[in-house]
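One structure is given below, encoded as structure tokens.
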Amino acid sequence: MRIAMFEPEIAGNVGAVMRLCACLGARLDLIEPMGFVWDDRRVRRAAMDYIDHVEVVRHAGFEAFYGTLGEGRLVLFTTKASQSAYDYTYSPDDVLLFGKESAGVPDHVVEASDATVRLPMRSEVRSLNVATSAAIALAEALRQTGTLPR
């Protein structure tokens with residue numbers, strides 16, 4: 001299982017997702033450009049010592065990232081989807097994609113995705129934090145595939 005972040009803008013969110021991936025055993029793909037300098041100490045502070053326990057792969061852009069998918073399906077998490085993330089059937093080689101904090105993903109990324117799903121939430125609010133969304137999504141995908149760490 002992999003988590004991919006499309007052009008993340010906030011170092012703390014990337015650090016939190018790095019820690020998530022370290023704890024649950026997922027690879028993290030970062031699709032550039034990012035909205036911060038990669039060696040930003042805020043990333044290390046959020047990821048803490050977990051940074052040494054996660055595989056992070058940086059990609060020069062979406063096309064470079066897309067070429068690494070292989071047999072894996074690209075599952076885009078977006079507030080614009082109609083299908084609930086809890087009604088989707090995940091596979092162990094899926095890549096769970098999350099858009100940039102301010103704007104999500106452009107249309108060509110939506111079109112390249114094999115599925116779009118949403119995390120259900122109250123209608124009065126706009127969205128969850130991206131790191132929170134990644135945690136909910138990854139936990140459900142790992143639970144469904146029987147690959148949660150023990």
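Quick note on naming: the chains in the structure tokens go A, B, ... in the order shown, residues restart at 1 in each chain, and ligands are numbered from 1 in order of appearance.
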
With 12 Å as the cut-off and only C-alpha atoms counted, what is the closest atom pair between each nearby residue of stretch 10-83 of chain A and stretch 107-123 of chain A? Distances in Å to one decimal, ordered by chain and number, as a tab-separated table.
```
residue	atom	partner	partner_atom	distance
A:Ile31	CA	A:Val109	CA	11.6
A:Gly61	CA	A:Val109	CA	11.2
A:Phe62	CA	A:Val109	CA	7.8
A:Glu63	CA	A:Val109	CA	9.5
A:Phe65	CA	A:Val109	CA	11.1
A:Tyr66	CA	A:Ala112	CA	8.5
A:Gly67	CA	A:Ala112	CA	11.4
A:Leu69	CA	A:Ser113	CA	10.9
A:Glu71	CA	A:Asp114	CA	11.3
A:Gly72	CA	A:Asp114	CA	9.4
A:Arg73	CA	A:Asp114	CA	5.8
A:Leu74	CA	A:Ser113	CA	5.1
A:Val75	CA	A:Ala115	CA	4.9
A:Leu76	CA	A:Thr116	CA	4.7
A:Phe77	CA	A:Val117	CA	5.1
A:Thr78	CA	A:Arg118	CA	5.3
A:Thr79	CA	A:Arg118	CA	5.4
A:Lys80	CA	A:Arg118	CA	7.2
A:Ala81	CA	A:Val117	CA	5.1
A:Ser82	CA	A:Val117	CA	6.6
A:Gln83	CA	A:Val117	CA	5.0
```

Between stretch 15-117 of chain A and stretch 127-140 of chain A, at 12 Å or less, what are the per-residue closest atom pairs and their distances in Å? Count only C-alpha atoms, order by chain and rising residue number, and return it as a Markdown table.
```
| residue | atom | partner | partner_atom | distance |
| --- | --- | --- | --- | --- |
| A:Gly15 | CA | A:Ala131 | CA | 8.9 |
| A:Ala16 | CA | A:Ala131 | CA | 6.2 |
| A:Val17 | CA | A:Ala131 | CA | 5.5 |
| A:Met18 | CA | A:Ala131 | CA | 9.3 |
| A:Arg19 | CA | A:Ala131 | CA | 9.8 |
| A:Leu20 | CA | A:Ala135 | CA | 6.6 |
| A:Cys21 | CA | A:Leu138 | CA | 8.6 |
| A:Ala22 | CA | A:Ala135 | CA | 11.6 |
| A:Cys23 | CA | A:Ala135 | CA | 10.4 |
| A:Leu24 | CA | A:Ala139 | CA | 8.0 |
| A:Gly25 | CA | A:Leu138 | CA | 10.0 |
| A:Ala26 | CA | A:Leu138 | CA | 8.4 |
| A:Arg27 | CA | A:Leu138 | CA | 11.0 |
| A:Leu28 | CA | A:Ala134 | CA | 10.8 |
| A:Ala46 | CA | A:Ala131 | CA | 11.3 |
| A:Ala47 | CA | A:Ala131 | CA | 11.8 |
| A:Val75 | CA | A:Ala137 | CA | 10.2 |
| A:Leu76 | CA | A:Ala137 | CA | 10.5 |
| A:Phe77 | CA | A:Ser133 | CA | 8.3 |
| A:Thr78 | CA | A:Ser127 | CA | 9.1 |
| A:Thr79 | CA | A:Ser127 | CA | 7.0 |
| A:Lys80 | CA | A:Ser127 | CA | 10.5 |
| A:Ser84 | CA | A:Ala137 | CA | 10.7 |
| A:Ala85 | CA | A:Ala137 | CA | 7.2 |
| A:Tyr86 | CA | A:Glu140 | CA | 7.3 |
| A:Asp87 | CA | A:Glu140 | CA | 10.3 |
| A:Tyr88 | CA | A:Glu140 | CA | 9.8 |
| A:Thr89 | CA | A:Glu140 | CA | 9.8 |
| A:Tyr90 | CA | A:Glu140 | CA | 8.7 |
| A:Ser91 | CA | A:Glu140 | CA | 11.2 |
| A:Pro92 | CA | A:Leu138 | CA | 10.7 |
| A:Asp94 | CA | A:Leu138 | CA | 10.2 |
| A:Val95 | CA | A:Leu138 | CA | 9.7 |
| A:Leu96 | CA | A:Leu138 | CA | 7.6 |
| A:Leu97 | CA | A:Ala134 | CA | 8.6 |
| A:Phe98 | CA | A:Val130 | CA | 7.0 |
| A:Gly99 | CA | A:Val130 | CA | 8.0 |
| A:Lys100 | CA | A:Val130 | CA | 8.2 |
| A:Glu101 | CA | A:Val130 | CA | 6.7 |
| A:Ser102 | CA | A:Val130 | CA | 10.3 |
| A:Ala103 | CA | A:Ser127 | CA | 11.5 |
| A:Gly104 | CA | A:Val130 | CA | 10.0 |
| A:Val117 | CA | A:Ala137 | CA | 9.8 |
```

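Taking only C-alpha atoms into account, A:Thr145 lies nearest to A:Met1 out of the set A:Tyr50, A:Val37, A:Met1, A:Asn13.
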
- Task: Extract the full set of helix (DSSP H, G or I) residues from stretch 57-123 of chain A according to DSSP on the backbone, and format it as a list in words.
- Result: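 Residues of stretch 57-123 of chain A classed as helix (DSSP H, G or I): Phe62, Glu63, Ala64, Phe65, Tyr66, Asp107, His108, Val109, Val110, Glu111 and Ala112 of chain A.
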
Preceding selection exported with N, CA and C atoms as a PDB file, in the first residue's frame:
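Output file selection07.pdb follows:
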```pdb
ATOM      1  N   PHE A  62       3.625  14.889 -11.794  1.00  0.00           N
ATOM      2  CA  PHE A  62       2.629  13.829 -11.826  1.00  0.00           C
ATOM      3  C   PHE A  62       2.965  12.745 -12.847  1.00  0.00           C
ATOM      4  N   GLU A  63       3.464  13.137 -14.001  1.00  0.00           N
ATOM      5  CA  GLU A  63       3.774  12.141 -15.035  1.00  0.00           C
ATOM      6  C   GLU A  63       4.858  11.178 -14.560  1.00  0.00           C
ATOM      7  N   ALA A  64       5.873  11.698 -13.914  1.00  0.00           N
ATOM      8  CA  ALA A  64       6.945  10.842 -13.377  1.00  0.00           C
ATOM      9  C   ALA A  64       6.381   9.895 -12.330  1.00  0.00           C
ATOM     10  N   PHE A  65       5.518  10.389 -11.475  1.00  0.00           N
ATOM     11  CA  PHE A  65       4.873   9.550 -10.470  1.00  0.00           C
ATOM     12  C   PHE A  65       3.992   8.490 -11.128  1.00  0.00           C
ATOM     13  N   TYR A  66       3.184   8.899 -12.081  1.00  0.00           N
ATOM     14  CA  TYR A  66       2.223   7.995 -12.721  1.00  0.00           C
ATOM     15  C   TYR A  66       2.932   6.798 -13.359  1.00  0.00           C
ATOM     16  N   ASP A 107      -7.847  18.580 -13.156  1.00  0.00           N
ATOM     17  CA  ASP A 107      -8.702  17.631 -13.882  1.00  0.00           C
ATOM     18  C   ASP A 107      -7.935  16.460 -14.486  1.00  0.00           C
ATOM     19  N   HIS A 108      -6.731  16.697 -15.011  1.00  0.00           N
ATOM     20  CA  HIS A 108      -6.005  15.596 -15.648  1.00  0.00           C
ATOM     21  C   HIS A 108      -5.617  14.513 -14.641  1.00  0.00           C
ATOM     22  N   VAL A 109      -5.446  14.889 -13.383  1.00  0.00           N
ATOM     23  CA  VAL A 109      -5.150  13.899 -12.336  1.00  0.00           C
ATOM     24  C   VAL A 109      -6.417  13.120 -11.990  1.00  0.00           C
ATOM     25  N   VAL A 110      -7.547  13.802 -11.925  1.00  0.00           N
ATOM     26  CA  VAL A 110      -8.827  13.124 -11.689  1.00  0.00           C
ATOM     27  C   VAL A 110      -9.059  12.098 -12.795  1.00  0.00           C
ATOM     28  N   GLU A 111      -8.851  12.501 -14.033  1.00  0.00           N
ATOM     29  CA  GLU A 111      -9.078  11.618 -15.185  1.00  0.00           C
ATOM     30  C   GLU A 111      -8.121  10.437 -15.198  1.00  0.00           C
ATOM     31  N   ALA A 112      -6.922  10.594 -14.685  1.00  0.00           N
ATOM     32  CA  ALA A 112      -5.937   9.510 -14.657  1.00  0.00           C
ATOM     33  C   ALA A 112      -6.191   8.525 -13.522  1.00  0.00           C
TER      34      ALA A 112
END
```

- Query: For the atom pair atom CA of A:Val57 and atom CA of A:Arg150, what is the interatomic distance in Å to one decimal place?
  - Reply: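 Interatomic distance here is 25.2 Å.
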
- Gap from atom CA of A:Leu30 to atom CA of A:Pro8 - Å, one decimal: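 For atom CA of A:Leu30 relative to atom CA of A:Pro8, the distance reads 7.6 Å.
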
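Between atom CA of A:Asp52 and atom CA of A:Glu32 the separation is 21.2 Å.
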
- Task: Give me the residues within 10 Å of A:Trp38 as a PyMOL selection string, counting only C-alpha atoms and dropping any in the same chain fewer than 6 places off.
- Result: chain A and resi 11+14+44+58

Residues just named, written with C-alpha atoms as a short mmCIF file (atom, residue, chain, number, x, y, z; two decimals), in the first residue's frame:
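Writing the result to again_26.cif gives the following:
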```cif
data_model
loop_
_atom_site.label_atom_id
_atom_site.label_comp_id
_atom_site.auth_asym_id
_atom_site.auth_seq_id
_atom_site.Cartn_x
_atom_site.Cartn_y
_atom_site.Cartn_z
CA ALA A 11 5.65 20.68 5.78
CA VAL A 14 4.01 15.81 5.15
CA ARG A 44 11.71 16.40 10.55
CA ARG A 58 9.96 12.09 -4.49
#
```

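Here the question is which of A:Leu148, A:Val125, A:Ala4, A:Val54 gets nearest to A:Thr68 using only C-alpha atoms, and that residue is A:Ala4.
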
- Query: Which is closest to A:Arg2 among A:Phe36, A:Val43, A:Asp93, A:Gln144, if we use only C-alpha atoms?
  - Reply: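 Nearest candidate to A:Arg2 out of A:Phe36, A:Val43, A:Asp93, A:Gln144: A:Asp93.
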